[in-house]
$ cat structure_32.txt   # compact mmCIF, N, CA and C atoms
# COMPACT_ATOMS: atom_id res chain seq x y z
N MET A 1 25.82 25.62 12.73
CA MET A 1 25.61 25.30 14.14
C MET A 1 24.27 25.87 14.57
N SER A 2 23.50 25.10 15.29
CA SER A 2 22.18 25.55 15.72
C SER A 2 22.29 26.42 16.96
N ILE A 3 21.24 27.12 17.27
CA ILE A 3 21.22 28.00 18.44
C ILE A 3 21.43 27.17 19.71
N ALA A 4 20.80 26.02 19.81
CA ALA A 4 20.93 25.16 20.99
C ALA A 4 22.39 24.73 21.16
N THR A 5 23.05 24.41 20.07
CA THR A 5 24.45 23.98 20.13
C THR A 5 25.34 25.14 20.53
N GLU A 6 25.05 26.33 20.00
CA GLU A 6 25.83 27.52 20.37
C GLU A 6 25.66 27.85 21.85
N GLU A 7 24.44 27.74 22.36
CA GLU A 7 24.19 27.98 23.78
C GLU A 7 24.89 26.94 24.64
N GLY A 8 24.84 25.71 24.22
CA GLY A 8 25.51 24.64 24.95
C GLY A 8 27.01 24.86 24.99
N GLN A 9 27.57 25.30 23.88
CA GLN A 9 29.00 25.58 23.81
C GLN A 9 29.37 26.75 24.74
N ALA A 10 28.53 27.78 24.77
CA ALA A 10 28.78 28.94 25.64
C ALA A 10 28.73 28.53 27.11
N VAL A 11 27.77 27.70 27.46
CA VAL A 11 27.65 27.22 28.84
C VAL A 11 28.89 26.40 29.19
N ARG A 12 29.30 25.54 28.29
CA ARG A 12 30.49 24.71 28.53
C ARG A 12 31.73 25.58 28.72
N GLU A 13 31.87 26.62 27.93
CA GLU A 13 33.02 27.52 28.06
C GLU A 13 33.01 28.25 29.40
N ARG A 14 31.82 28.67 29.85
CA ARG A 14 31.71 29.33 31.15
C ARG A 14 32.06 28.36 32.28
N MET A 15 31.60 27.12 32.14
CA MET A 15 31.90 26.11 33.15
C MET A 15 33.41 25.83 33.18
N GLN A 16 34.03 25.76 32.01
CA GLN A 16 35.47 25.51 31.95
C GLN A 16 36.24 26.66 32.58
N ALA A 17 35.82 27.89 32.31
CA ALA A 17 36.48 29.06 32.89
C ALA A 17 36.32 29.06 34.42
N ARG A 18 35.13 28.72 34.88
CA ARG A 18 34.89 28.67 36.34
C ARG A 18 35.73 27.58 36.99
N LEU A 19 35.85 26.44 36.31
CA LEU A 19 36.66 25.34 36.82
C LEU A 19 38.12 25.78 36.97
N GLU A 20 38.65 26.45 36.01
CA GLU A 20 40.04 26.93 36.07
C GLU A 20 40.21 27.95 37.19
N ALA A 21 39.23 28.84 37.34
CA ALA A 21 39.30 29.83 38.42
C ALA A 21 39.28 29.15 39.78
N LEU A 22 38.43 28.15 39.95
CA LEU A 22 38.34 27.43 41.22
C LEU A 22 39.62 26.66 41.51
N ARG A 23 40.21 26.06 40.49
CA ARG A 23 41.47 25.34 40.69
C ARG A 23 42.56 26.30 41.15
N GLN A 24 42.62 27.48 40.58
CA GLN A 24 43.61 28.48 40.98
C GLN A 24 43.36 28.94 42.42
N GLU A 25 42.11 29.18 42.77
CA GLU A 25 41.78 29.58 44.14
C GLU A 25 42.14 28.47 45.12
N LEU A 26 41.91 27.22 44.75
CA LEU A 26 42.26 26.09 45.61
C LEU A 26 43.76 26.02 45.83
N GLU A 27 44.52 26.20 44.77
CA GLU A 27 45.98 26.18 44.89
C GLU A 27 46.47 27.31 45.79
N THR A 28 45.91 28.49 45.62
CA THR A 28 46.27 29.63 46.45
C THR A 28 45.91 29.36 47.92
N GLY A 29 44.74 28.81 48.14
CA GLY A 29 44.31 28.49 49.50
C GLY A 29 45.19 27.46 50.17
N GLN A 30 45.61 26.44 49.41
CA GLN A 30 46.48 25.41 49.97
C GLN A 30 47.84 26.00 50.36
N ALA A 31 48.37 26.88 49.53
CA ALA A 31 49.65 27.51 49.84
C ALA A 31 49.53 28.38 51.09
N GLU A 32 48.44 29.11 51.21
CA GLU A 32 48.22 29.96 52.38
C GLU A 32 48.06 29.11 53.64
N LEU A 33 47.36 27.99 53.52
CA LEU A 33 47.18 27.10 54.66
C LEU A 33 48.52 26.55 55.13
N GLN A 34 49.39 26.17 54.22
CA GLN A 34 50.72 25.68 54.59
C GLN A 34 51.50 26.77 55.32
N ARG A 35 51.41 28.00 54.83
CA ARG A 35 52.13 29.11 55.47
C ARG A 35 51.61 29.32 56.89
N VAL A 36 50.30 29.31 57.06
CA VAL A 36 49.69 29.54 58.37
C VAL A 36 50.03 28.39 59.32
N GLU A 37 50.03 27.16 58.83
CA GLU A 37 50.36 26.02 59.69
C GLU A 37 51.82 26.09 60.14
N ALA A 38 52.72 26.51 59.25
CA ALA A 38 54.12 26.67 59.63
C ALA A 38 54.27 27.76 60.69
N GLN A 39 53.54 28.85 60.52
CA GLN A 39 53.58 29.94 61.49
C GLN A 39 53.02 29.47 62.83
N ARG A 40 51.97 28.66 62.80
CA ARG A 40 51.38 28.13 64.03
C ARG A 40 52.38 27.24 64.76
N ALA A 41 53.06 26.38 64.04
CA ALA A 41 54.05 25.49 64.66
C ALA A 41 55.17 26.31 65.30
N TYR A 42 55.64 27.33 64.60
CA TYR A 42 56.70 28.19 65.14
C TYR A 42 56.23 28.88 66.42
N LEU A 43 55.03 29.42 66.39
CA LEU A 43 54.48 30.10 67.56
C LEU A 43 54.30 29.13 68.72
N HIS A 44 53.84 27.93 68.43
CA HIS A 44 53.66 26.93 69.48
C HIS A 44 55.00 26.60 70.15
N GLU A 45 56.05 26.40 69.36
CA GLU A 45 57.38 26.12 69.91
C GLU A 45 57.89 27.29 70.74
N THR A 46 57.67 28.49 70.27
CA THR A 46 58.09 29.68 71.01
C THR A 46 57.38 29.76 72.35
N MET A 47 56.09 29.49 72.35
CA MET A 47 55.33 29.55 73.60
C MET A 47 55.77 28.45 74.57
N LEU A 48 56.14 27.29 74.05
CA LEU A 48 56.64 26.23 74.93
C LEU A 48 57.95 26.66 75.60
N ARG A 49 58.83 27.30 74.83
CA ARG A 49 60.08 27.78 75.41
C ARG A 49 59.81 28.85 76.47
N MET A 50 58.91 29.76 76.18
CA MET A 50 58.58 30.81 77.15
C MET A 50 57.97 30.21 78.40
N SER A 51 57.11 29.22 78.23
CA SER A 51 56.49 28.56 79.37
C SER A 51 57.54 27.89 80.25
N GLY A 52 58.51 27.25 79.61
CA GLY A 52 59.61 26.64 80.37
C GLY A 52 60.41 27.66 81.13
N ALA A 53 60.69 28.78 80.49
CA ALA A 53 61.46 29.84 81.15
C ALA A 53 60.68 30.42 82.33
N VAL A 54 59.38 30.61 82.16
CA VAL A 54 58.55 31.10 83.25
C VAL A 54 58.59 30.13 84.41
N GLN A 55 58.51 28.83 84.12
CA GLN A 55 58.53 27.83 85.19
C GLN A 55 59.86 27.84 85.93
N VAL A 56 60.97 27.92 85.19
CA VAL A 56 62.29 27.94 85.83
C VAL A 56 62.43 29.17 86.72
N LEU A 57 62.06 30.33 86.22
CA LEU A 57 62.18 31.55 87.01
C LEU A 57 61.27 31.52 88.23
N THR A 58 60.08 30.99 88.07
CA THR A 58 59.16 30.86 89.20
C THR A 58 59.76 29.95 90.26
N ASP A 59 60.30 28.82 89.82
CA ASP A 59 60.93 27.89 90.79
C ASP A 59 62.10 28.55 91.50
N LEU A 60 62.93 29.27 90.78
CA LEU A 60 64.08 29.94 91.40
C LEU A 60 63.63 30.95 92.44
N LEU A 61 62.63 31.73 92.11
CA LEU A 61 62.14 32.73 93.05
C LEU A 61 61.50 32.07 94.28
N GLU A 62 60.79 30.97 94.09
CA GLU A 62 60.19 30.27 95.22
C GLU A 62 61.26 29.65 96.11
N GLU A 63 62.31 29.10 95.51
CA GLU A 63 63.39 28.53 96.30
C GLU A 63 64.09 29.60 97.13
N GLU A 64 64.26 30.78 96.56
CA GLU A 64 64.93 31.87 97.27
C GLU A 64 64.13 32.28 98.50
N GLN A 65 62.82 32.19 98.41
CA GLN A 65 61.98 32.58 99.54
C GLN A 65 61.98 31.53 100.64
N SER A 66 62.36 30.30 100.29
CA SER A 66 62.43 29.24 101.29
C SER A 66 63.60 29.51 102.23
N ASP A 67 63.49 29.01 103.42
CA ASP A 67 64.57 29.17 104.40
C ASP A 67 65.81 28.41 103.95
N GLY A 68 66.97 29.05 104.09
CA GLY A 68 68.23 28.39 103.81
C GLY A 68 68.63 28.34 102.36
N ALA A 69 67.84 28.83 101.45
CA ALA A 69 68.20 28.78 100.03
C ALA A 69 69.17 29.91 99.71
N ALA A 70 70.12 29.60 98.87
CA ALA A 70 71.07 30.64 98.44
C ALA A 70 70.33 31.65 97.56
N PRO A 71 70.78 32.89 97.57
CA PRO A 71 70.14 33.89 96.72
C PRO A 71 70.20 33.49 95.24
N VAL A 72 69.24 33.97 94.48
CA VAL A 72 69.17 33.65 93.06
C VAL A 72 70.46 34.01 92.36
N GLU A 73 71.05 35.15 92.69
CA GLU A 73 72.28 35.58 92.02
C GLU A 73 73.40 34.56 92.21
N GLU A 74 73.52 34.02 93.43
CA GLU A 74 74.57 33.05 93.73
C GLU A 74 74.35 31.75 92.96
N ARG A 75 73.10 31.25 92.95
CA ARG A 75 72.81 30.01 92.23
C ARG A 75 72.98 30.20 90.73
N THR A 76 72.60 31.36 90.22
CA THR A 76 72.75 31.64 88.79
C THR A 76 74.23 31.68 88.42
N ALA A 77 75.04 32.32 89.25
CA ALA A 77 76.48 32.40 88.98
C ALA A 77 77.08 31.01 88.99
N ARG A 78 76.66 30.16 89.95
CA ARG A 78 77.18 28.79 89.98
C ARG A 78 76.76 28.02 88.74
N ALA A 79 75.51 28.18 88.33
CA ALA A 79 75.02 27.47 87.14
C ALA A 79 75.74 27.94 85.89
N GLU A 80 76.00 29.23 85.78
CA GLU A 80 76.72 29.76 84.62
C GLU A 80 78.15 29.25 84.64
N GLY A 81 78.75 29.13 85.81
CA GLY A 81 80.11 28.61 85.92
C GLY A 81 80.19 27.16 85.49
N LEU A 82 79.17 26.39 85.81
CA LEU A 82 79.13 24.99 85.40
C LEU A 82 78.98 24.87 83.89
N GLY A 83 78.21 25.74 83.30
CA GLY A 83 78.02 25.71 81.86
C GLY A 83 79.26 26.13 81.09
N ALA A 84 80.14 26.92 81.71
CA ALA A 84 81.33 27.41 81.02
C ALA A 84 82.43 26.36 80.99
N GLN A 85 82.32 25.32 81.81
CA GLN A 85 83.38 24.31 81.89
C GLN A 85 83.34 23.37 80.73
$ encode --input "structure_32.txt" --output "structure tokens"
Amino acid sequence: MSIATEEGQAVRERMQARLEALRQELETGQAELQRVEAQRAYLHETMLRMSGAVQVLTDLLEEEQSDGAAPVEERTARAEGLGAQ
């Protein structure tokens, strides 16, 4: 084998090793991206639920301040009673 052929073979082996390393890094990155996207979706759903709860509580408190509205405790007890039926 000539020196040029030996050098070419060494370069090819380094390229092959780098290719395998990059493929492994890509696979690891894809798995991490899936994990982060799942976490993002969960967090988004949680924030939507919290936003809804904030809106409901805000509305209840505003209604209580209006003239003639039943106290929050009374409306909550009625709503809980309806849910138990």
$ atom_distance --input "structure_32.txt" --atom1 "atom C of Val56 (chain A)" --atom2 "atom N of His44 (chain A)"
20.2 Å
$ atom_distance --input "structure_32.txt" --atom1 "atom N of Arg49 (chain A)" --atom2 "CA of Glu37 (chain A)"
17.4 Å
$ atom_distance --input "structure_32.txt" --atom1 "CA of Glu74 (chain A)" --atom2 "atom C of Ser51 (chain A)"
22.3 Å
